[in-house]
Amino acid sequence: MIADDERLVRTGLRVVIDAEPDLTVVGEAADGAAVVPLVRELRPDVVLMDVRMPGIDGIRATGQLMDGMTAPPRILVVTTFEHDDHVYDALRAGAAGFLLKRARAEEMVQAVRLIARGDSLLFPAAVRELALRYGAPAPRESRPAPGRGPIGRLTGREGQVLRLMAAGLSNGEIAAKLVLSPETVKTHVGSVLAKLGARDRTQAVIAAYESGFVLPG
């Protein structure tokens, strides 16, 4: 499903996605207020969500979907500017990743497929920049020690895995880096998500920045 207040953007995204044999646009929303009822009606696997919409913006709509549905769709933020506080807030609200509106058609299609199969779409440099600008933790002396809270429940190996996740490494790349089997890394990733109460890798990385366990910059 596509949620964007600009008709030309919606039309362009629909043309790109409907051209793929395995993808179908099931509906469109022109403002955030229409997103939740339309999702409940159509049950899309993925929502392409603009963050800047009139009325209810994409951040609130994302939060409503995450909090109000037992099986919410995956949210891919489609934005004009990558260094936008709205993007970071949408990631915090539960979006699985973001992509620029100027992305090539093949990049957009690949992103939809990636999100649909349960993966996250992270651009480490951009997320670090967003965390530094809009989500950097409080000064060290006034925030909890990185070893406390949910982060403190991680084993040493799980902490290593989380830091590599924040750097944007895939499970296969983490396995090679730590000389582990892909199955072992998958187990560690699952454990990290469970201990942090994170829906996916994106939420785990945001938690790592928010807690100060991983510092932006």
# chains A, B, ... in the order shown; residues from 1 in each chain; ligands from 1
$ residues_around --residues "Ala105 (chain A)" --least-positions-apart "2" --cutoff "9 Å" --atoms "only C-alpha atoms" --output "number ranges by chain"
A: 13, 16-17, 102-103, 107-110
$ write_last_selection --atoms "all heavy atoms" --output "short mmCIF file (atom, residue, chain, number, x, y, z; two decimals), in the first residue's frame"
data_model
loop_
_atom_site.label_atom_id
_atom_site.label_comp_id
_atom_site.auth_asym_id
_atom_site.auth_seq_id
_atom_site.Cartn_x
_atom_site.Cartn_y
_atom_site.Cartn_z
N LEU A 13 5.05 5.48 -7.94
CA LEU A 13 5.35 4.27 -7.18
C LEU A 13 4.49 3.10 -7.64
O LEU A 13 4.96 1.97 -7.75
CB LEU A 13 5.14 4.54 -5.69
CG LEU A 13 6.13 5.48 -5.02
CD1 LEU A 13 5.71 5.79 -3.59
CD2 LEU A 13 7.53 4.89 -5.02
N VAL A 16 5.84 1.63 -10.90
CA VAL A 16 7.06 0.85 -10.69
C VAL A 16 6.76 -0.50 -10.06
O VAL A 16 7.25 -1.54 -10.51
CB VAL A 16 8.05 1.65 -9.79
CG1 VAL A 16 9.18 0.76 -9.31
CG2 VAL A 16 8.60 2.84 -10.55
N ILE A 17 5.92 -0.49 -9.04
CA ILE A 17 5.65 -1.73 -8.30
C ILE A 17 4.76 -2.68 -9.08
O ILE A 17 5.02 -3.89 -9.14
CB ILE A 17 5.04 -1.39 -6.93
CG1 ILE A 17 6.09 -0.66 -6.08
CG2 ILE A 17 4.56 -2.65 -6.21
CD1 ILE A 17 5.55 -0.05 -4.82
N ARG A 102 14.04 9.68 -4.62
CA ARG A 102 14.80 9.73 -5.87
C ARG A 102 15.51 8.41 -6.19
O ARG A 102 16.27 8.33 -7.16
CB ARG A 102 15.83 10.87 -5.81
CG ARG A 102 16.91 10.70 -4.75
CD ARG A 102 17.96 11.81 -4.86
NE ARG A 102 19.02 11.71 -3.88
CZ ARG A 102 19.00 12.28 -2.69
NH1 ARG A 102 17.95 13.00 -2.32
NH2 ARG A 102 20.00 12.15 -1.85
N ALA A 103 15.27 7.39 -5.39
CA ALA A 103 15.89 6.09 -5.64
C ALA A 103 15.46 5.56 -7.01
O ALA A 103 14.36 5.84 -7.49
CB ALA A 103 15.49 5.10 -4.55
N GLU A 107 15.94 -0.08 -7.25
CA GLU A 107 16.23 0.03 -5.82
C GLU A 107 14.94 0.00 -5.00
O GLU A 107 14.88 -0.62 -3.93
CB GLU A 107 17.00 1.32 -5.54
CG GLU A 107 18.41 1.34 -6.11
CD GLU A 107 19.10 2.68 -5.93
OE1 GLU A 107 18.39 3.72 -5.90
OE2 GLU A 107 20.34 2.71 -5.82
N MET A 108 13.90 0.67 -5.51
CA MET A 108 12.63 0.69 -4.81
C MET A 108 12.04 -0.72 -4.75
O MET A 108 11.56 -1.17 -3.69
CB MET A 108 11.66 1.63 -5.53
CG MET A 108 10.31 1.79 -4.85
SD MET A 108 10.42 2.60 -3.25
CE MET A 108 10.92 4.27 -3.77
N VAL A 109 12.06 -1.43 -5.87
CA VAL A 109 11.51 -2.78 -5.92
C VAL A 109 12.28 -3.71 -4.99
O VAL A 109 11.69 -4.52 -4.25
CB VAL A 109 11.54 -3.31 -7.37
CG1 VAL A 109 11.26 -4.79 -7.40
CG2 VAL A 109 10.54 -2.55 -8.23
N GLN A 110 13.60 -3.61 -5.03
CA GLN A 110 14.43 -4.44 -4.15
C GLN A 110 14.12 -4.15 -2.68
O GLN A 110 14.05 -5.07 -1.86
CB GLN A 110 15.92 -4.19 -4.43
CG GLN A 110 16.85 -5.05 -3.59
CD GLN A 110 18.32 -4.75 -3.87
OE1 GLN A 110 18.65 -3.74 -4.48
NE2 GLN A 110 19.19 -5.62 -3.42
#
$ select_by_dssp --residues "region 52-108 of chain A" --states "alpha helix (DSSP H)" --output "MDAnalysis selection string"
chainID A and resid 58:68 85:93 105:108
$ select_by_dssp --residues "region 9-213 of chain A" --states "strand (DSSP E)" --output "list in words"
Glu28, Ala29, Val46, Val47, Leu48, Met49, Arg74, Ile75, Leu76, Val77, Val78, Thr79, Gly97, Phe98, Leu99 and Leu100 of chain A
$ closest_atom_pairs --of "region 145-206 of chain A" --to "region 67-90 of chain A" --cutoff "12 Å" --atoms "only C-alpha atoms" --output "tab-separated table"
residue	atom	partner	partner_atom	distance
A:Arg199	CA	A:Arg74	CA	10.3
A:Asp200	CA	A:Arg74	CA	10.1
A:Thr202	CA	A:Tyr88	CA	10.7
A:Gln203	CA	A:Ala90	CA	10.6
A:Val205	CA	A:Tyr88	CA	11.7
A:Ile206	CA	A:Tyr88	CA	8.9
$ atom_distance --atom1 "CA of Leu121 (chain A)" --atom2 "CA of Gly156 (chain A)"
25.3 Å
$ closest_residue --among "A:Asp5, A:Val189, A:Val161, A:Glu20" --to "Ala176 (chain A)" --atoms "only C-alpha atoms"
A:Val161
$ atom_distance --atom1 "CA of Pro44 (chain A)" --atom2 "CA of Asn171 (chain A)"
26.8 Å
$ closest_residue --among "A:Leu130, A:Val25, A:Val192, A:Leu180" --to "Arg153 (chain A)" --atoms "only C-alpha atoms"
A:Val192
$ atom_distance --atom1 "CA of Leu65 (chain A)" --atom2 "CA of Gly190 (chain A)"
22.7 Å
$ residues_around --residues "Met53 (chain A)" --least-positions-apart "2" --cutoff "10 Å" --atoms "only C-alpha atoms" --output "short mmCIF file (atom, residue, chain, number, x, y, z; two decimals) with all heavy atoms, in the first residue's frame"
data_model
loop_
_atom_site.label_atom_id
_atom_site.label_comp_id
_atom_site.auth_asym_id
_atom_site.auth_seq_id
_atom_site.Cartn_x
_atom_site.Cartn_y
_atom_site.Cartn_z
N ALA A 3 1.17 5.33 0.87
CA ALA A 3 0.61 6.46 1.61
C ALA A 3 1.47 7.70 1.35
O ALA A 3 2.59 7.80 1.83
CB ALA A 3 0.57 6.16 3.10
N ASP A 4 0.92 8.61 0.56
CA ASP A 4 1.63 9.84 0.20
C ASP A 4 0.60 10.86 -0.25
O ASP A 4 -0.36 10.52 -0.95
CB ASP A 4 2.63 9.58 -0.93
CG ASP A 4 3.66 10.69 -1.06
OD1 ASP A 4 3.26 11.83 -1.42
OD2 ASP A 4 4.85 10.44 -0.80
N ASP A 5 0.78 12.12 0.15
CA ASP A 5 -0.22 13.13 -0.19
C ASP A 5 -0.05 13.68 -1.59
O ASP A 5 -0.89 14.45 -2.05
CB ASP A 5 -0.20 14.27 0.84
CG ASP A 5 1.13 15.00 0.89
OD1 ASP A 5 2.18 14.34 0.70
OD2 ASP A 5 1.14 16.22 1.11
N GLU A 6 1.02 13.29 -2.29
CA GLU A 6 1.23 13.78 -3.65
C GLU A 6 0.80 12.72 -4.66
O GLU A 6 1.33 11.61 -4.70
CB GLU A 6 2.71 14.13 -3.87
CG GLU A 6 3.20 15.29 -3.00
CD GLU A 6 4.62 15.68 -3.34
OE1 GLU A 6 5.03 15.48 -4.51
OE2 GLU A 6 5.32 16.17 -2.44
N ALA A 30 -4.07 9.12 0.69
CA ALA A 30 -3.56 10.46 0.41
C ALA A 30 -3.23 11.25 1.67
O ALA A 30 -2.69 12.35 1.60
CB ALA A 30 -4.57 11.24 -0.44
N ASP A 31 -3.57 10.70 2.84
CA ASP A 31 -3.22 11.36 4.10
C ASP A 31 -3.12 10.32 5.19
O ASP A 31 -3.61 9.19 5.05
CB ASP A 31 -4.25 12.44 4.47
CG ASP A 31 -5.64 11.86 4.65
OD1 ASP A 31 -5.88 11.19 5.68
OD2 ASP A 31 -6.47 12.06 3.76
N GLY A 32 -2.49 10.70 6.30
CA GLY A 32 -2.24 9.75 7.37
C GLY A 32 -3.48 9.20 8.02
O GLY A 32 -3.50 8.06 8.50
N ALA A 33 -4.55 10.01 8.06
CA ALA A 33 -5.78 9.56 8.72
C ALA A 33 -6.41 8.36 8.03
O ALA A 33 -7.11 7.57 8.65
CB ALA A 33 -6.78 10.72 8.77
N MET A 49 5.44 4.58 3.20
CA MET A 49 4.89 5.66 4.03
C MET A 49 5.69 6.95 3.88
O MET A 49 6.87 7.01 4.20
CB MET A 49 4.89 5.23 5.49
CG MET A 49 4.27 6.23 6.45
SD MET A 49 2.48 6.06 6.55
CE MET A 49 2.35 4.58 7.57
N ASP A 50 5.00 7.98 3.39
CA ASP A 50 5.58 9.33 3.43
C ASP A 50 5.46 9.83 4.86
O ASP A 50 4.45 9.61 5.52
CB ASP A 50 4.82 10.23 2.47
CG ASP A 50 5.43 11.62 2.37
OD1 ASP A 50 6.60 11.80 2.76
OD2 ASP A 50 4.73 12.54 1.92
N VAL A 51 6.48 10.52 5.36
CA VAL A 51 6.41 10.99 6.75
C VAL A 51 5.73 12.34 6.88
O VAL A 51 5.20 12.69 7.93
CB VAL A 51 7.80 11.04 7.41
CG1 VAL A 51 8.32 9.64 7.66
CG2 VAL A 51 8.79 11.83 6.58
N GLY A 55 -2.70 16.50 8.33
CA GLY A 55 -3.49 15.82 9.34
C GLY A 55 -2.61 14.95 10.20
O GLY A 55 -1.76 15.43 10.95
N ILE A 56 -2.78 13.65 10.08
CA ILE A 56 -1.92 12.70 10.78
C ILE A 56 -0.73 12.39 9.90
O ILE A 56 -0.88 11.92 8.78
CB ILE A 56 -2.71 11.40 11.09
CG1 ILE A 56 -3.86 11.69 12.05
CG2 ILE A 56 -1.78 10.34 11.68
CD1 ILE A 56 -4.73 10.48 12.35
N ASP A 57 0.47 12.67 10.39
CA ASP A 57 1.65 12.44 9.57
C ASP A 57 2.04 10.96 9.61
O ASP A 57 1.43 10.14 10.32
CB ASP A 57 2.82 13.33 10.00
CG ASP A 57 3.27 13.09 11.43
OD1 ASP A 57 3.03 12.00 11.97
OD2 ASP A 57 3.87 14.01 12.02
N GLY A 58 3.07 10.63 8.83
CA GLY A 58 3.48 9.24 8.72
C GLY A 58 4.03 8.66 10.00
O GLY A 58 3.98 7.44 10.21
N ILE A 59 4.56 9.51 10.87
CA ILE A 59 5.10 9.03 12.15
C ILE A 59 3.96 8.54 13.03
O ILE A 59 4.00 7.44 13.57
CB ILE A 59 5.87 10.16 12.86
CG1 ILE A 59 7.01 10.67 11.98
CG2 ILE A 59 6.43 9.66 14.20
CD1 ILE A 59 7.57 12.00 12.41
N ALA A 61 0.94 7.75 12.08
CA ALA A 61 0.28 6.62 11.43
C ALA A 61 1.07 5.33 11.66
O ALA A 61 0.48 4.27 11.91
CB ALA A 61 0.14 6.90 9.93
#
$ residues_around --residues "Ile174 (chain A)" --least-positions-apart "4" --cutoff "7 Å" --atoms "only C-alpha atoms" --output "PyMOL selection string"
chain A and resi 161+164+169-170+178
$ write_last_selection --atoms "N, CA and C atoms" --output "PDB file, in the first residue's frame"
ATOM      1  N   VAL A 161      27.531  -8.640  18.300  1.00  0.00           N
ATOM      2  CA  VAL A 161      26.612  -8.778  17.172  1.00  0.00           C
ATOM      3  C   VAL A 161      25.802  -7.499  16.998  1.00  0.00           C
ATOM      4  N   LEU A 164      27.807  -4.772  15.333  1.00  0.00           N
ATOM      5  CA  LEU A 164      27.982  -5.028  13.905  1.00  0.00           C
ATOM      6  C   LEU A 164      26.668  -4.817  13.150  1.00  0.00           C
ATOM      7  N   LEU A 169      26.079  -4.522   8.943  1.00  0.00           N
ATOM      8  CA  LEU A 169      26.502  -5.820   8.425  1.00  0.00           C
ATOM      9  C   LEU A 169      25.328  -6.794   8.403  1.00  0.00           C
ATOM     10  N   SER A 170      25.281  -7.612   7.367  1.00  0.00           N
ATOM     11  CA  SER A 170      24.281  -8.675   7.263  1.00  0.00           C
ATOM     12  C   SER A 170      24.701  -9.838   8.159  1.00  0.00           C
ATOM     13  N   LEU A 178      33.083 -12.524  12.809  1.00  0.00           N
ATOM     14  CA  LEU A 178      33.266 -13.144  14.123  1.00  0.00           C
ATOM     15  C   LEU A 178      33.657 -14.616  14.035  1.00  0.00           C
TER      16      LEU A 178
END
$ closest_residue --among "A:Lys101, A:Arg52, A:Gly152, A:Leu91" --to "Ser211 (chain A)" --atoms "only C-alpha atoms"
A:Gly152
$ closest_residue --among "A:Ala175, A:Ala93, A:Met1, A:Val185" --to "Thr24 (chain A)" --atoms "only C-alpha atoms"
A:Met1
$ decode --residues "region 188-199 of chain A" --atoms "all heavy atoms" --output "PDB file, in the first residue's frame"
ATOM      1  N   HIS A 188      21.939 -15.534  17.612  1.00  0.00           N
ATOM      2  CA  HIS A 188      22.338 -14.372  18.420  1.00  0.00           C
ATOM      3  C   HIS A 188      21.463 -13.159  18.101  1.00  0.00           C
ATOM      4  O   HIS A 188      21.044 -12.428  19.007  1.00  0.00           O
ATOM      5  CB  HIS A 188      23.807 -14.021  18.164  1.00  0.00           C
ATOM      6  CG  HIS A 188      24.776 -14.955  18.834  1.00  0.00           C
ATOM      7  ND1 HIS A 188      24.631 -15.384  20.131  1.00  0.00           N
ATOM      8  CD2 HIS A 188      25.935 -15.515  18.386  1.00  0.00           C
ATOM      9  CE1 HIS A 188      25.638 -16.188  20.454  1.00  0.00           C
ATOM     10  NE2 HIS A 188      26.441 -16.271  19.413  1.00  0.00           N
ATOM     11  N   VAL A 189      21.194 -12.940  16.825  1.00  0.00           N
ATOM     12  CA  VAL A 189      20.349 -11.810  16.430  1.00  0.00           C
ATOM     13  C   VAL A 189      18.965 -11.955  17.044  1.00  0.00           C
ATOM     14  O   VAL A 189      18.403 -10.999  17.587  1.00  0.00           O
ATOM     15  CB  VAL A 189      20.253 -11.692  14.891  1.00  0.00           C
ATOM     16  CG1 VAL A 189      19.179 -10.670  14.498  1.00  0.00           C
ATOM     17  CG2 VAL A 189      21.597 -11.288  14.304  1.00  0.00           C
ATOM     18  N   GLY A 190      18.405 -13.154  16.980  1.00  0.00           N
ATOM     19  CA  GLY A 190      17.093 -13.393  17.575  1.00  0.00           C
ATOM     20  C   GLY A 190      17.098 -13.130  19.068  1.00  0.00           C
ATOM     21  O   GLY A 190      16.137 -12.568  19.615  1.00  0.00           O
ATOM     22  N   SER A 191      18.167 -13.529  19.730  1.00  0.00           N
ATOM     23  CA  SER A 191      18.277 -13.307  21.166  1.00  0.00           C
ATOM     24  C   SER A 191      18.389 -11.818  21.484  1.00  0.00           C
ATOM     25  O   SER A 191      17.785 -11.329  22.449  1.00  0.00           O
ATOM     26  CB  SER A 191      19.495 -14.054  21.720  1.00  0.00           C
ATOM     27  OG  SER A 191      19.596 -13.879  23.120  1.00  0.00           O
ATOM     28  N   VAL A 192      19.149 -11.083  20.670  1.00  0.00           N
ATOM     29  CA  VAL A 192      19.279  -9.628  20.858  1.00  0.00           C
ATOM     30  C   VAL A 192      17.914  -8.962  20.729  1.00  0.00           C
ATOM     31  O   VAL A 192      17.526  -8.135  21.568  1.00  0.00           O
ATOM     32  CB  VAL A 192      20.267  -9.033  19.830  1.00  0.00           C
ATOM     33  CG1 VAL A 192      20.183  -7.505  19.827  1.00  0.00           C
ATOM     34  CG2 VAL A 192      21.692  -9.471  20.155  1.00  0.00           C
ATOM     35  N   LEU A 193      17.173  -9.320  19.699  1.00  0.00           N
ATOM     36  CA  LEU A 193      15.855  -8.722  19.490  1.00  0.00           C
ATOM     37  C   LEU A 193      14.934  -9.031  20.663  1.00  0.00           C
ATOM     38  O   LEU A 193      14.210  -8.154  21.148  1.00  0.00           O
ATOM     39  CB  LEU A 193      15.236  -9.231  18.187  1.00  0.00           C
ATOM     40  CG  LEU A 193      15.976  -8.931  16.883  1.00  0.00           C
ATOM     41  CD1 LEU A 193      15.151  -9.397  15.683  1.00  0.00           C
ATOM     42  CD2 LEU A 193      16.306  -7.455  16.747  1.00  0.00           C
ATOM     43  N   ALA A 194      14.957 -10.271  21.139  1.00  0.00           N
ATOM     44  CA  ALA A 194      14.083 -10.668  22.242  1.00  0.00           C
ATOM     45  C   ALA A 194      14.438  -9.918  23.523  1.00  0.00           C
ATOM     46  O   ALA A 194      13.549  -9.411  24.226  1.00  0.00           O
ATOM     47  CB  ALA A 194      14.181 -12.178  22.460  1.00  0.00           C
ATOM     48  N   LYS A 195      15.716  -9.831  23.837  1.00  0.00           N
ATOM     49  CA  LYS A 195      16.135  -9.171  25.078  1.00  0.00           C
ATOM     50  C   LYS A 195      15.865  -7.668  25.053  1.00  0.00           C
ATOM     51  O   LYS A 195      15.601  -7.061  26.100  1.00  0.00           O
ATOM     52  CB  LYS A 195      17.616  -9.440  25.344  1.00  0.00           C
ATOM     53  CG  LYS A 195      17.916 -10.879  25.736  1.00  0.00           C
ATOM     54  CD  LYS A 195      19.390 -11.097  26.034  1.00  0.00           C
ATOM     55  CE  LYS A 195      19.662 -12.533  26.456  1.00  0.00           C
ATOM     56  NZ  LYS A 195      21.107 -12.764  26.749  1.00  0.00           N
ATOM     57  N   LEU A 196      15.944  -7.063  23.873  1.00  0.00           N
ATOM     58  CA  LEU A 196      15.703  -5.624  23.762  1.00  0.00           C
ATOM     59  C   LEU A 196      14.230  -5.308  23.539  1.00  0.00           C
ATOM     60  O   LEU A 196      13.850  -4.137  23.527  1.00  0.00           O
ATOM     61  CB  LEU A 196      16.539  -5.033  22.618  1.00  0.00           C
ATOM     62  CG  LEU A 196      18.055  -5.140  22.747  1.00  0.00           C
ATOM     63  CD1 LEU A 196      18.729  -4.398  21.592  1.00  0.00           C
ATOM     64  CD2 LEU A 196      18.544  -4.604  24.081  1.00  0.00           C
ATOM     65  N   GLY A 197      13.412  -6.343  23.323  1.00  0.00           N
ATOM     66  CA  GLY A 197      12.007  -6.102  23.015  1.00  0.00           C
ATOM     67  C   GLY A 197      11.838  -5.401  21.688  1.00  0.00           C
ATOM     68  O   GLY A 197      10.917  -4.600  21.500  1.00  0.00           O
ATOM     69  N   ALA A 198      12.745  -5.702  20.746  1.00  0.00           N
ATOM     70  CA  ALA A 198      12.752  -5.038  19.438  1.00  0.00           C
ATOM     71  C   ALA A 198      12.007  -5.877  18.407  1.00  0.00           C
ATOM     72  O   ALA A 198      12.138  -7.102  18.376  1.00  0.00           O
ATOM     73  CB  ALA A 198      14.190  -4.794  18.968  1.00  0.00           C
ATOM     74  N   ARG A 199      11.240  -5.204  17.550  1.00  0.00           N
ATOM     75  CA  ARG A 199      10.507  -5.910  16.497  1.00  0.00           C
ATOM     76  C   ARG A 199      11.438  -6.443  15.417  1.00  0.00           C
ATOM     77  O   ARG A 199      11.177  -7.468  14.801  1.00  0.00           O
ATOM     78  CB  ARG A 199       9.469  -4.978  15.853  1.00  0.00           C
ATOM     79  CG  ARG A 199       8.366  -4.512  16.776  1.00  0.00           C
ATOM     80  CD  ARG A 199       7.354  -3.686  15.996  1.00  0.00           C
ATOM     81  NE  ARG A 199       6.309  -3.146  16.864  1.00  0.00           N
ATOM     82  CZ  ARG A 199       6.354  -1.961  17.415  1.00  0.00           C
ATOM     83  NH1 ARG A 199       7.385  -1.171  17.205  1.00  0.00           N
ATOM     84  NH2 ARG A 199       5.375  -1.541  18.199  1.00  0.00           N
TER      85      ARG A 199
END
